[in-house]
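Here is the structure we will look at, set down as structure tokens.
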Amino acid sequence: MTMFSQRTHWPLSSNRITQTLDALRRDRVEVIDLTESNPTRCGFRYPARKILRPFTAKGNLFYNPQSQGAWHTREAVCRYYKNQGHTLSAQRVFLTASTSEAYSYIFQLLSDPGQEILFPQPSYPLFQFLGDLNSIILRYYPLVYTDSWRIDIQAMEDAVGPQARAIVLVNPNNPTGSFINQDELGALNRLCRQRNMALICDEVFNEFTFVDDKPPLSLVGCDTALTFILGGLSKTLGLPQMKLGWIIVNGPAELADAACQRLEVIADTYLSVNTPVQNAAVSWFCLKEELQGQIRQRIRGNWKFLRDAMHGAVHYGLLNAEGGWYAVMRTATGGCEEDLVCTLLEKDHVYVHPGYFFDFDPSRVRRVFKAEGFLVVSLLPRPPVFQEGIARLTDRLATR
């Protein structure tokens with residue numbers, strides 16, 4: 001229809017996988033959902049009184065709009081990072097209603113319609129919608145897999161054209177679970193400085209590691225190039241319903257100051273973060289160990305179970321990862337990913353994501369083994385549910 005914007009010209013019909021899932025649910029067939037990424041549906045213990053009590057504070061009855069967000073909330077964000085060894089100024093922190101909104105603010109700051117921003121591949125499909133809504137062109141740089149996922153630096157450099165304005169980095173990447181290393185960061189900083197680009201680093205999963213041997217690299221405090229670090233309560237505390245994210249601005253002083261001035265105008269135009277959440281977040285950060293600890297224990301336990309369940313398999317396997325909420329499996333059993341996912345739904349009543357949902361490219365992993373397809377599962381489901389789902393999944397893969 002000509003009356004609608006081209007930026008919303010998406011295919012709106014459901015795909016075969018969605019149709020199969022909807023049919024099972026209409027028939028009230030119980031499906032094991034191994035794609036569940038909403039922590040509030042995964043059986044974690046939320047201290048309701050501690051979470052809800054701040055909403056009764058009288059301060060929530062008054063409106064005191066601040067473009068960057070409430071000062072005391074930004075200071076709480078700074079304390080959160082100080083406990084990780086990073087010193088921040090609240091003047092460089094911007095509160096948003098979500099990480100998605102944070103991306104939009106930064107895209108509006110850095111790019112004009114038709115300019116380009118680089119994104120990792122594979123990665124989360126949300127980026128395509130954010131790019132369309134902000135009238136930017138998405139270019140991709142590949143992650144390649146040998147025994148782990150790493151950035152193809154040469155391919156990234158080749159992808160940078162004259163209209164490129166920024167590079168998006170997800171640390172750890174979603175869904176590959178790969179953290180950036182020091183060599184990759186050095187290459188990214190050099191490229192951004194040389195090509196006059198900014199670096200946008202999404203670190204919402206940064207504290208969710210599979211092992212404790214060493215802390216992952218974070219870009220908080222990185223000031224070689226103009227850098228924006230994104231975080232939020234949705235993942236950090238497992239509170240997606242509370243809608244609070246943030247942007248940290250780092251970089252050469254002159255560039256960072258200019259970026260903050262412009263971001264302040266953008267944020268002031270929307271003033272989207274509500275007062276009760278800003279006030280409550282100060283006390284919610286004190287619940288970090290209680291909430292985050294449960295999630296970390298869950299993902300590590302499910303990761304270990306999955307790794308053991310797939311050990312020694314010939315026609316399928318688990319790809320190595322370092323952290324995050326997801327796991328990626330490769331399949332070399334013939335047939336397309338969509339066929340396999342629909343078979344799992346129809347025959348085994350197990351729901352998983354196909355690799356194409358995250359734009360996986362099999363050619364990027366053939367250095368190690370033949371890979372005809374990928375499956376992606378969430379590590380958040382309750383252990384009994386997860387284990388039963390994986391048992392059905394591996395049985396199906398073994399018979400193909």
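Chain labels follow the order of the structure tokens: the first chain is A, the next B, and so on; residue numbering restarts at 1 in every chain, and ligands are counted from 1 in their shown order.
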(request) From a DSSP pass on the backbone, collect the residues of stretch 50-236 of chain A flagged as strand (DSSP E) and hand them back as a PyMOL selection string. (result) chain A and resi 93-96+116-121+137-145+149-151+164-170+198-202+227-232
Proximity check stretch 147-254 of chain A to stretch 349-365 of chain A, 10 Å, nearest pairs one decimal Å, only C-alpha atoms, as CSV:
```
residue,atom,partner,partner_atom,distance
A:Asp147,CA,A:Val365,CA,9.2
A:Ser148,CA,A:Val365,CA,9.7
A:Trp149,CA,A:Val365,CA,9.1
A:Asp152,CA,A:Arg364,CA,9.9
A:Asn174,CA,A:Phe358,CA,8.7
A:Pro175,CA,A:Phe358,CA,7.7
A:Thr176,CA,A:Phe358,CA,9.6
```
(request) Give the answer as one residue: which of A:Thr2, A:Ser123, A:Thr236, A:Asn320 has the shortest atom-to-atom distance to A:Gln292, using only C-alpha atoms? (result)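 For A:Gln292, the nearest of the candidates is A:Thr236.
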(request) Would you list the contacts of stretch 73-86 of chain A as a PyMOL selection string, taking every protein, DNA or RNA residue within 8 Å and counting only C-alpha atoms, but skipping same-chain residues closer than 2 positions in sequence? (result) chain A and resi 69-71+88-90+93-95+220-221+278-279+281-282+285
(request) Just give me the gap between atom CA of A:Asp33 and atom CA of A:Leu21 in Å, one decimal is fine. (result) 10.1 Å
(message) Under the rule that only C-alpha atoms are counted, which of A:Ala225, A:Tyr326, A:Arg16, A:Arg262 is the nearest residue to A:Gln108?
(response)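 Result for the nearest residue to A:Gln108: A:Arg262.
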(message) To test your reading of the structure, identify every residue in stretch 73-255 of chain A that backbone DSSP assigns to alpha helix (DSSP H), and report it as a PyMOL selection string.
(response) chain A and resi 73-82+99-110+126-133+153-159+182-195+233-236+253-255
(message) Between atom CA of A:Asn38 and atom CA of A:Arg392, what is the distance in Å, rounded to a tenth?
(response)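 These two atoms are separated by 22.3 Å.
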(request) Considering only C-alpha atoms, return as a list in words whatever protein or nucleic-acid residues lie within 9 Å of A:Ile153, sequence-local ones (same chain, fewer than 5 positions apart) excluded. (result)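 With the cut-off at 9 Å, the set is Tyr141, Pro142, Leu143, Asp158, Glu184, Ala187 and Leu188 of chain A.
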